[in-house]
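What's in input-v1.tsv: TSV, C-alpha atoms and all ligand atoms
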chain	number	residue	atom	x	y	z
R	1	MET	CA	-16.23	52.25	3.75
R	2	ALA	CA	-14.77	49.71	6.11
R	3	PHE	CA	-15.64	48.72	9.68
R	4	PRO	CA	-18.19	49.32	11.21
R	5	LYS	CA	-20.24	49.63	7.98
R	6	ILE	CA	-18.82	46.38	6.68
R	7	ARG	CA	-19.15	43.53	9.13
R	8	MET	CA	-18.37	40.21	7.49
R	9	ARG	CA	-19.96	38.33	10.37
R	10	ARG	CA	-23.46	39.54	9.39
R	11	LEU	CA	-23.65	36.86	6.71
R	12	ARG	CA	-22.38	34.13	9.02
R	13	ARG	CA	-24.93	34.65	11.76
R	14	THR	CA	-27.24	31.63	11.31
R	15	PRO	CA	-27.19	28.32	9.41
R	16	ALA	CA	-29.86	29.59	7.03
R	17	MET	CA	-27.86	32.75	6.31
R	18	ARG	CA	-24.73	30.73	5.65
R	19	ARG	CA	-26.63	28.42	3.33
R	20	LEU	CA	-28.13	31.35	1.48
R	21	VAL	CA	-24.81	32.97	0.61
R	22	ARG	CA	-22.76	29.81	0.08
R	23	ARG	CA	-21.34	29.69	-3.43
R	24	THR	CA	-19.99	26.16	-3.55
R	25	ALA	CA	-22.43	23.29	-3.47
R	26	LEU	CA	-21.61	19.63	-2.99
R	27	SER	CA	-23.93	17.40	-4.93
R	28	VAL	CA	-24.23	13.67	-5.22
R	29	ASP	CA	-24.42	14.34	-8.98
R	30	ASP	CA	-20.68	14.99	-8.99
R	31	PHE	CA	-19.54	11.74	-7.42
R	32	VAL	CA	-17.96	8.67	-8.97
R	33	TYR	CA	-17.54	5.66	-6.69
R	34	PRO	CA	-14.58	3.28	-7.26
R	35	LEU	CA	-15.20	-0.50	-7.17
R	36	PHE	CA	-12.70	-3.38	-7.20
R	37	VAL	CA	-13.62	-6.65	-8.92
R	38	ARG	CA	-11.60	-9.85	-8.80
R	39	GLU	CA	-12.00	-13.31	-10.30
R	40	GLY	CA	-14.02	-15.73	-8.22
R	41	GLN	CA	-17.54	-16.23	-6.95
R	42	GLY	CA	-19.57	-14.86	-4.10
R	43	ILE	CA	-16.78	-12.51	-3.06
R	44	ARG	CA	-17.37	-9.50	-0.81
R	45	THR	CA	-14.13	-9.32	1.13
R	46	PRO	CA	-12.99	-6.25	3.07
R	47	ILE	CA	-9.82	-4.66	1.67
R	48	LYS	CA	-7.26	-4.51	4.47
R	49	SER	CA	-5.58	-1.30	3.37
R	50	MET	CA	-8.83	0.61	2.75
R	51	THR	CA	-11.52	1.08	5.41
R	52	ASP	CA	-15.07	0.14	4.28
R	53	CYS	CA	-13.89	-0.89	0.79
R	54	PHE	CA	-14.39	-4.41	-0.56
R	55	HIS	CA	-13.27	-6.77	-3.28
R	56	PHE	CA	-16.25	-8.06	-5.26
R	57	SER	CA	-16.56	-10.74	-7.93
R	58	PRO	CA	-18.55	-10.36	-11.17
R	59	ASP	CA	-21.54	-12.15	-9.59
R	60	THR	CA	-21.71	-9.85	-6.54
R	61	ILE	CA	-20.86	-6.53	-8.16
R	62	ALA	CA	-24.35	-5.75	-9.47
R	63	SER	CA	-25.97	-5.59	-6.05
R	64	GLU	CA	-23.28	-3.21	-4.83
R	65	ALA	CA	-23.76	-1.11	-7.98
R	66	ALA	CA	-27.51	-1.04	-7.32
R	67	GLU	CA	-26.84	0.27	-3.81
R	68	VAL	CA	-24.61	3.00	-5.21
R	69	ALA	CA	-27.27	3.96	-7.76
R	70	ALA	CA	-29.97	4.02	-5.07
R	71	LEU	CA	-27.97	6.68	-3.24
R	72	GLY	CA	-28.22	8.86	-6.36
R	73	ILE	CA	-24.55	8.51	-7.33
R	74	PRO	CA	-24.46	8.67	-11.15
R	75	ALA	CA	-21.33	6.62	-11.86
R	76	VAL	CA	-18.92	3.92	-10.71
R	77	ILE	CA	-15.35	3.34	-11.88
R	78	LEU	CA	-14.17	-0.25	-12.13
R	79	PHE	CA	-10.74	-1.68	-11.33
R	80	GLY	CA	-10.02	-5.32	-12.15
R	81	LEU	CA	-7.85	-7.94	-10.47
R	82	PRO	CA	-7.33	-10.82	-12.90
R	83	ASP	CA	-6.48	-14.40	-11.94
R	84	LYS	CA	-3.52	-14.59	-14.26
R	85	LYS	CA	-0.97	-11.87	-14.87
R	86	ASP	CA	1.56	-11.99	-17.69
R	87	GLU	CA	4.23	-9.89	-19.35
R	88	LYS	CA	1.80	-7.96	-21.54
R	89	GLY	CA	-1.24	-7.98	-19.30
R	90	SER	CA	-3.38	-9.89	-21.79
R	91	GLN	CA	-6.30	-10.41	-19.40
R	92	ALA	CA	-6.85	-6.66	-19.70
R	93	TRP	CA	-8.57	-7.01	-23.07
R	94	ALA	CA	-9.97	-10.55	-22.69
R	95	GLU	CA	-13.60	-10.73	-23.79
R	96	ALA	CA	-14.41	-12.74	-20.66
R	97	GLY	CA	-12.11	-10.71	-18.43
R	98	VAL	CA	-13.14	-9.80	-14.92
R	99	VAL	CA	-13.98	-6.17	-15.74
R	100	GLN	CA	-15.71	-7.03	-19.01
R	101	ARG	CA	-18.03	-9.50	-17.24
R	102	SER	CA	-18.64	-7.07	-14.40
R	103	ILE	CA	-19.67	-4.34	-16.82
R	104	SER	CA	-22.35	-6.53	-18.34
R	105	GLN	CA	-23.62	-7.63	-14.92
R	106	ILE	CA	-23.95	-4.01	-13.80
R	107	LYS	CA	-25.56	-2.90	-17.05
R	108	LYS	CA	-28.13	-5.70	-16.81
R	109	ALA	CA	-29.06	-4.81	-13.23
R	110	VAL	CA	-28.79	-1.00	-13.26
R	111	PRO	CA	-28.72	0.19	-16.88
R	112	ASP	CA	-28.82	3.89	-16.00
R	113	LEU	CA	-25.78	3.84	-13.76
R	114	LEU	CA	-22.77	5.06	-15.73
R	115	VAL	CA	-19.94	2.57	-15.87
R	116	VAL	CA	-16.47	4.08	-16.13
R	117	THR	CA	-13.50	1.73	-16.52
R	118	ASP	CA	-9.92	2.32	-15.53
R	119	VAL	CA	-7.72	1.59	-18.54
R	120	CYS	CA	-4.22	0.65	-17.44
R	121	LEU	CA	-2.06	-2.45	-17.53
R	122	CYS	CA	-0.54	-2.33	-14.03
R	123	GLU	CA	-3.10	-4.67	-12.49
R	124	TYR	CA	-2.62	-7.14	-15.34
R	125	THR	CA	1.14	-7.30	-15.90
R	126	ASP	CA	3.31	-9.67	-13.87
R	127	HIS	CA	5.86	-6.86	-13.30
R	128	GLY	CA	3.21	-4.35	-12.18
R	129	HIS	CA	4.19	-1.53	-14.54
R	130	CYS	CA	1.55	0.37	-16.48
R	131	GLY	CA	2.93	-0.76	-19.84
R	132	VAL	CA	4.99	-3.37	-21.65
R	133	ILE	CA	8.69	-3.57	-20.85
R	134	LYS	CA	11.37	-3.43	-23.54
R	135	ASP	CA	15.05	-3.33	-22.55
R	136	GLY	CA	14.11	-2.66	-18.95
R	137	LYS	CA	11.94	0.36	-19.85
R	138	VAL	CA	8.22	0.92	-20.37
R	139	ASP	CA	7.71	1.02	-24.15
R	140	ASN	CA	5.35	3.90	-24.92
R	141	ASP	CA	3.92	3.16	-28.36
R	142	ALA	CA	3.60	-0.61	-27.90
R	143	THR	CA	1.70	0.09	-24.69
R	144	CYS	CA	-0.68	2.51	-26.44
R	145	GLU	CA	-1.76	-0.23	-28.83
R	146	LEU	CA	-2.61	-2.55	-25.96
R	147	LEU	CA	-4.45	0.20	-24.08
R	148	ALA	CA	-6.57	0.83	-27.17
R	149	ARG	CA	-7.47	-2.89	-27.28
R	150	MET	CA	-8.34	-2.78	-23.61
R	151	ALA	CA	-10.52	0.33	-23.95
R	152	LEU	CA	-12.28	-1.14	-26.98
R	153	SER	CA	-13.05	-4.37	-25.11
R	154	HIS	CA	-14.59	-2.31	-22.29
R	155	ALA	CA	-16.74	-0.43	-24.81
R	156	GLN	CA	-17.82	-3.73	-26.36
R	157	ALA	CA	-18.83	-4.99	-22.94
R	158	GLY	CA	-21.00	-1.89	-22.42
R	159	ALA	CA	-18.85	0.72	-20.64
R	160	ASP	CA	-20.01	4.33	-20.99
R	161	ILE	CA	-16.70	6.04	-20.27
R	162	VAL	CA	-13.15	4.72	-20.56
R	163	ALA	CA	-10.52	6.27	-18.32
R	164	PRO	CA	-6.86	5.75	-19.27
R	165	SER	CA	-4.64	6.12	-16.19
R	166	ASP	CA	-1.30	4.92	-17.55
R	167	MET	CA	0.28	8.27	-18.58
R	168	MET	CA	1.74	7.04	-21.89
R	169	ASP	CA	2.09	9.78	-24.52
R	170	GLY	CA	-0.54	9.58	-27.25
R	171	ARG	CA	-2.76	6.98	-25.61
R	172	VAL	CA	-5.89	9.12	-25.87
R	173	LYS	CA	-5.35	9.36	-29.64
R	174	TYR	CA	-4.90	5.58	-29.96
R	175	ILE	CA	-8.03	4.95	-27.90
R	176	ARG	CA	-10.14	7.55	-29.70
R	177	GLU	CA	-9.16	6.08	-33.08
R	178	ALA	CA	-9.93	2.53	-31.98
R	179	LEU	CA	-13.35	3.61	-30.72
R	180	GLU	CA	-14.14	5.56	-33.91
R	181	GLU	CA	-13.06	2.72	-36.19
R	182	ASN	CA	-15.29	0.27	-34.36
R	183	ASP	CA	-18.45	2.39	-34.24
R	184	PHE	CA	-18.10	3.43	-30.63
R	185	GLN	CA	-18.04	7.14	-31.38
R	186	ASP	CA	-20.36	7.89	-28.45
R	187	ILE	CA	-18.12	6.41	-25.78
R	188	ALA	CA	-16.54	9.17	-23.72
R	189	ILE	CA	-12.90	9.30	-22.69
R	190	MET	CA	-12.05	10.62	-19.24
R	191	SER	CA	-8.28	10.84	-19.28
R	192	TYR	CA	-6.14	10.88	-16.18
R	193	ALA	CA	-4.43	13.83	-17.85
R	194	ALA	CA	-2.37	15.28	-15.01
R	195	LYS	CA	-1.50	12.24	-12.95
R	196	TYR	CA	1.37	12.66	-10.53
R	197	ALA	CA	3.88	10.07	-9.31
R	198	SER	CA	2.38	10.14	-5.84
R	199	ALA	CA	2.94	8.36	-2.54
R	200	PHE	CA	-0.78	8.76	-1.92
R	201	TYR	CA	-1.57	5.72	-4.12
R	202	GLY	CA	-0.13	3.39	-1.47
R	203	PRO	CA	-3.35	1.85	-0.09
R	204	PHE	CA	-4.74	1.40	-3.63
R	205	ARG	CA	-1.72	-0.56	-4.85
R	206	ASP	CA	-2.35	-2.96	-2.04
R	207	ALA	CA	-6.04	-3.17	-2.90
R	208	ALA	CA	-5.40	-3.59	-6.63
R	209	GLU	CA	-2.29	-5.73	-6.20
R	210	SER	CA	-0.57	-3.44	-8.67
R	211	ALA	CA	2.67	-2.25	-7.06
R	212	PRO	CA	5.58	-2.39	-9.54
R	213	SER	CA	8.00	-5.24	-8.82
R	214	PHE	CA	11.01	-3.10	-9.76
R	215	GLY	CA	11.65	0.63	-10.05
R	216	ASP	CA	8.88	3.20	-9.80
R	217	ARG	CA	6.47	5.09	-12.06
R	218	LYS	CA	8.43	8.33	-12.24
R	219	SER	CA	9.36	7.93	-15.91
R	220	TYR	CA	5.70	8.19	-16.91
R	221	GLN	CA	3.72	9.80	-14.07
R	222	MET	CA	4.32	13.50	-13.42
R	223	ASP	CA	6.87	15.05	-11.10
R	224	PRO	CA	5.06	16.45	-8.02
R	225	ALA	CA	6.97	19.72	-8.31
R	226	GLU	CA	5.60	20.45	-11.81
R	227	SER	CA	2.70	22.73	-12.64
R	228	ASP	CA	3.04	24.04	-16.23
R	229	GLN	CA	3.58	20.48	-17.46
R	230	ALA	CA	0.13	19.61	-16.14
R	231	MET	CA	-1.40	22.27	-18.39
R	232	ALA	CA	0.51	20.83	-21.37
R	233	GLU	CA	-0.67	17.29	-20.54
R	234	ILE	CA	-4.29	18.42	-20.30
R	235	ALA	CA	-4.14	20.42	-23.55
R	236	LEU	CA	-2.67	17.41	-25.38
R	237	ASP	CA	-5.30	15.01	-24.09
R	238	ILE	CA	-8.11	17.36	-25.12
R	239	ALA	CA	-6.53	17.72	-28.58
R	240	GLU	CA	-6.28	13.92	-28.87
R	241	GLY	CA	-9.96	13.46	-28.08
R	242	ALA	CA	-10.53	13.40	-24.32
R	243	ASP	CA	-13.99	14.58	-23.23
R	244	ILE	CA	-13.21	14.92	-19.53
R	245	VAL	CA	-9.75	15.53	-18.04
R	246	MET	CA	-8.61	14.53	-14.59
R	247	VAL	CA	-6.18	15.81	-12.03
R	248	LYS	CA	-4.88	13.16	-9.63
R	249	PRO	CA	-4.39	13.12	-6.64
R	250	ALA	CA	-6.75	15.91	-5.56
R	251	LEU	CA	-5.80	17.42	-2.23
R	252	PRO	CA	-2.05	18.01	-2.70
R	253	TYR	CA	-2.83	19.36	-6.21
R	254	LEU	CA	-5.73	21.78	-5.65
R	255	ASP	CA	-3.65	24.49	-7.35
R	256	ILE	CA	-3.53	22.36	-10.49
R	257	ILE	CA	-7.31	21.85	-10.43
R	258	CYS	CA	-7.75	25.59	-10.03
R	259	ARG	CA	-5.40	26.44	-12.90
R	260	ALA	CA	-7.02	23.82	-15.14
R	261	ARG	CA	-10.50	25.18	-14.35
R	262	ARG	CA	-9.50	28.69	-15.43
R	263	ARG	CA	-7.84	27.58	-18.61
R	264	PHE	CA	-9.97	24.74	-20.03
R	265	ASP	CA	-13.68	24.55	-20.78
R	266	CYS	CA	-14.28	20.82	-20.63
R	267	PRO	CA	-15.40	19.05	-17.45
R	268	ILE	CA	-12.62	18.58	-14.94
R	269	ALA	CA	-12.48	15.55	-12.68
R	270	ALA	CA	-10.40	15.18	-9.54
R	271	TYR	CA	-9.41	11.86	-7.97
R	272	ASN	CA	-9.56	11.97	-4.18
R	273	VAL	CA	-7.16	9.01	-3.97
R	274	SER	CA	-6.73	6.12	-1.56
R	275	GLY	CA	-4.01	7.80	0.52
R	276	GLU	CA	-6.14	10.90	1.04
R	277	TYR	CA	-9.03	8.66	2.03
R	278	MET	CA	-6.98	6.61	4.48
R	279	MET	CA	-5.20	9.63	5.94
R	280	LEU	CA	-8.58	10.86	7.16
R	281	ASN	CA	-9.82	7.42	8.19
R	282	ALA	CA	-6.68	6.77	10.22
R	283	ALA	CA	-6.84	10.17	11.92
R	284	ALA	CA	-10.54	9.70	12.72
R	285	LYS	CA	-9.91	6.22	14.06
R	286	ALA	CA	-7.20	7.61	16.33
R	287	GLY	CA	-9.77	10.07	17.66
R	288	LEU	CA	-7.89	13.05	16.27
R	289	LEU	CA	-10.68	14.64	14.25
R	290	ASP	CA	-14.35	14.35	13.41
R	291	LYS	CA	-14.64	12.21	10.31
R	292	ASP	CA	-17.86	13.52	8.77
R	293	THR	CA	-16.97	17.18	9.16
R	294	ALA	CA	-13.43	16.67	7.88
R	295	MET	CA	-14.72	14.60	4.95
R	296	LEU	CA	-17.13	17.30	3.80
R	297	GLU	CA	-14.43	19.93	4.25
R	298	MET	CA	-12.10	17.90	2.00
R	299	LEU	CA	-14.77	17.45	-0.65
R	300	TYR	CA	-15.67	21.15	-0.52
R	301	SER	CA	-12.04	22.08	-1.07
R	302	ILE	CA	-11.92	19.97	-4.24
R	303	LYS	CA	-15.16	21.48	-5.50
R	304	ARG	CA	-14.09	25.00	-4.57
R	305	ALA	CA	-10.82	24.54	-6.47
R	306	GLY	CA	-12.95	23.95	-9.57
R	307	ALA	CA	-13.55	20.22	-10.04
R	308	ASP	CA	-16.85	19.27	-11.68
R	309	ILE	CA	-16.48	15.57	-10.93
R	310	ILE	CA	-15.02	13.99	-7.79
R	311	ILE	CA	-13.93	10.37	-7.81
R	312	THR	CA	-13.95	9.37	-4.17
R	313	TYR	CA	-14.14	6.38	-1.84
R	314	PHE	CA	-16.23	8.70	0.38
R	315	ALA	CA	-19.01	8.91	-2.24
R	316	LYS	CA	-21.48	6.67	-0.43
R	317	GLU	CA	-20.92	8.21	2.99
R	318	ALA	CA	-20.97	11.74	1.60
R	319	ALA	CA	-24.16	11.03	-0.38
R	320	LYS	CA	-25.89	9.94	2.81
R	321	LEU	CA	-24.73	13.04	4.69
R	322	ILE	CA	-25.66	15.48	1.93
R	323	SER	CA	-29.17	14.07	1.58
R	324	LYS	CA	-29.89	14.43	5.31
Z	401	LIG	C1	-3.64	2.55	-12.13
Z	401	LIG	C2	-4.23	3.44	-11.09
Z	401	LIG	C3	-3.71	3.82	-9.85
Z	401	LIG	C4	-4.72	4.54	-9.21
Z	401	LIG	C5	-5.79	4.63	-10.09
Z	401	LIG	N1	-5.46	3.96	-11.26
Z	401	LIG	C6	-2.42	3.48	-9.17
Z	401	LIG	C7	-1.14	3.91	-9.72
Z	401	LIG	O1	-1.03	4.65	-10.69
Z	401	LIG	O2	-0.15	3.45	-9.15
Z	401	LIG	C8	-4.67	5.11	-7.82
Z	401	LIG	C9	-5.97	5.34	-7.16
Z	401	LIG	C10	-5.92	5.58	-5.70
Z	401	LIG	O3	-4.84	5.66	-5.07
Z	401	LIG	O4	-7.00	5.69	-5.11
Z	401	LIG	N2	-2.56	3.02	-12.81
Spell out the structure here as structure tokens.
Amino acid sequence: MAFPKIRMRRLRRTPAMRRLVRRTALSVDDFVYPLFVREGQGIRTPIKSMTDCFHFSPDTIASEAAEVAALGIPAVILFGLPDKKDEKGSQAWAEAGVVQRSISQIKKAVPDLLVVTDVCLCEYTDHGHCGVIKDGKVDNDATCELLARMALSHAQAGADIVAPSDMMDGRVKYIREALEENDFQDIAIMSYAAKYASAFYGPFRDAAESAPSFGDRKSYQMDPAESDQAMAEIALDIAEGADIVMVKPALPYLDIICRARRRFDCPIAAYNVSGEYMMLNAAAKAGLLDKDTAMLEMLYSIKRAGADIIITYFAKEAAKLISK
């Protein structure tokens, strides 16, 4: 029953035929677009380390959010750069913090756009670690309490989804309890469940001014060689109350996305991180490959691996291409 009866090329003959049999679809519905907000006014400054990405201020963020919504993208994820950093990262849960004010601006202008917030202390602490330091180490449980305060303050400001990215043990439980106790039972948690200690965050740390001033994040983020541990992390986060679980980065960890898809029923998000984004931008700029085609190929690979949601700096460009 093989050749010549079976000819695989029959179904590849024309664009219409290829479209007809294609089993993976990219949709704008799956995209989340990251936005960076910093203290100040009238800011729309290009980010040096990230092509076509900008720093905004709370007064300029709503018009950018409206543009994102007009492209049909259902959600943005916010990262904040405070004016003042301290040991504990106290601007992270300030009622008038930069993210909190940005949330309300966006919600006023485009109420239907989902606002996701990154919940992590690294942009807010003066040492740049994702938690509080005790005896030279990141203190897990003390950090969880602060993360819960931060997540709650985002919910109070109007966030739809809070997304803890710190990798402390138990933080989803702390956040879920804080939300429940304060009548925010409908706020979803998208946990960065399997987040690896990755070199691909380089451009982001520049953009978010969040590089650690000493050491690295290997005592809390996952070892890149690990796979089973990712399944354990995801299972724990679901048990603690996560609604959506994330694998991050995406491209070097497609096997993890694929395994997670087979094993868990909840929506799976993948973060197509800054280094993946800039790797392609740099190669395209050097004339080494065609940007649009390579971008869609990357996004297809993430979808094909099993992600339901893709957080990507390509969201706006991809949305325009898909709708053509
Ligand atoms: C904060 C955080 C990071 C990213 C998202 N949230 C950086 C880090 O963990 O060092 C990276 C995103 C990207 O590279 O695009 N903890």
(request) Compare R:Glu145, R:Asp237, R:Glu123, R:Asp135 by their minimum atom-to-atom distance to ligand LIG 401 (chain Z), counting only C-alpha atoms and all ligand atoms, and give me the closest one. (result) R:Glu123
(request) Produce as a PyMOL selection string the set of residues near ligand LIG 401 (chain Z), where near means within 7 Å with only C-alpha atoms and all ligand atoms considered. (result) chain R and resi 118+120+122+130+165-166+200-205+210-211+272-275
(message) Set the distance at 12 Å and use only C-alpha atoms: which residues neighbour Glu209 in chain R once local chain neighbours fewer than 3 positions away are removed? I'd like the list as a VMD selection string.
(response) chain R and resid 36 to 38 47 to 49 55 79 to 83 85 121 to 129 201 to 206 212 to 213
(message) Need the shell around range 114-117 of chain R: protein/DNA/RNA residues with any atom at most 10 Å away, counting only C-alpha atoms. Skip same-chain ones fewer than 5 positions apart. Format as JSON, numbers by chain?
(response) {"R": [32, 33, 34, 35, 65, 69, 73, 74, 75, 76, 77, 78, 79, 80, 99, 100, 102, 103, 104, 106, 107, 150, 151, 154, 155, 158, 159, 160, 161, 162, 163, 164, 165, 188, 189, 190]}
Within 8 Å of range 298-320 of chain R, which residues of range 51-84 of chain R come that close, and what is the closest atom pair and distance in Å for each? Count only C-alpha atoms and give it as CSV.
residue,atom,partner,partner_atom,distance
R:Cys53,CA,R:Tyr313,CA,7.7
R:Val68,CA,R:Lys316,CA,6.8
R:Leu71,CA,R:Ala319,CA,6.5
R:Gly72,CA,R:Ala319,CA,7.5
R:Ile73,CA,R:Ala319,CA,7.4
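Distances to Ala269 in chain R were evaluated for R:Ala66, R:Asp30, R:Pro58, R:Met167 using all atoms listed in the file, and the minimum falls at R:Asp30.
Here CA of Ala199 in chain R stands at a distance of 22.5 Å from CA of Val132 in chain R.
CA of Phe31 in chain R is positioned 13.4 Å from CA of Ser323 in chain R.
What separates CA of Met17 in chain R from CA of Cys258 in chain R is a distance of 26.9 Å.
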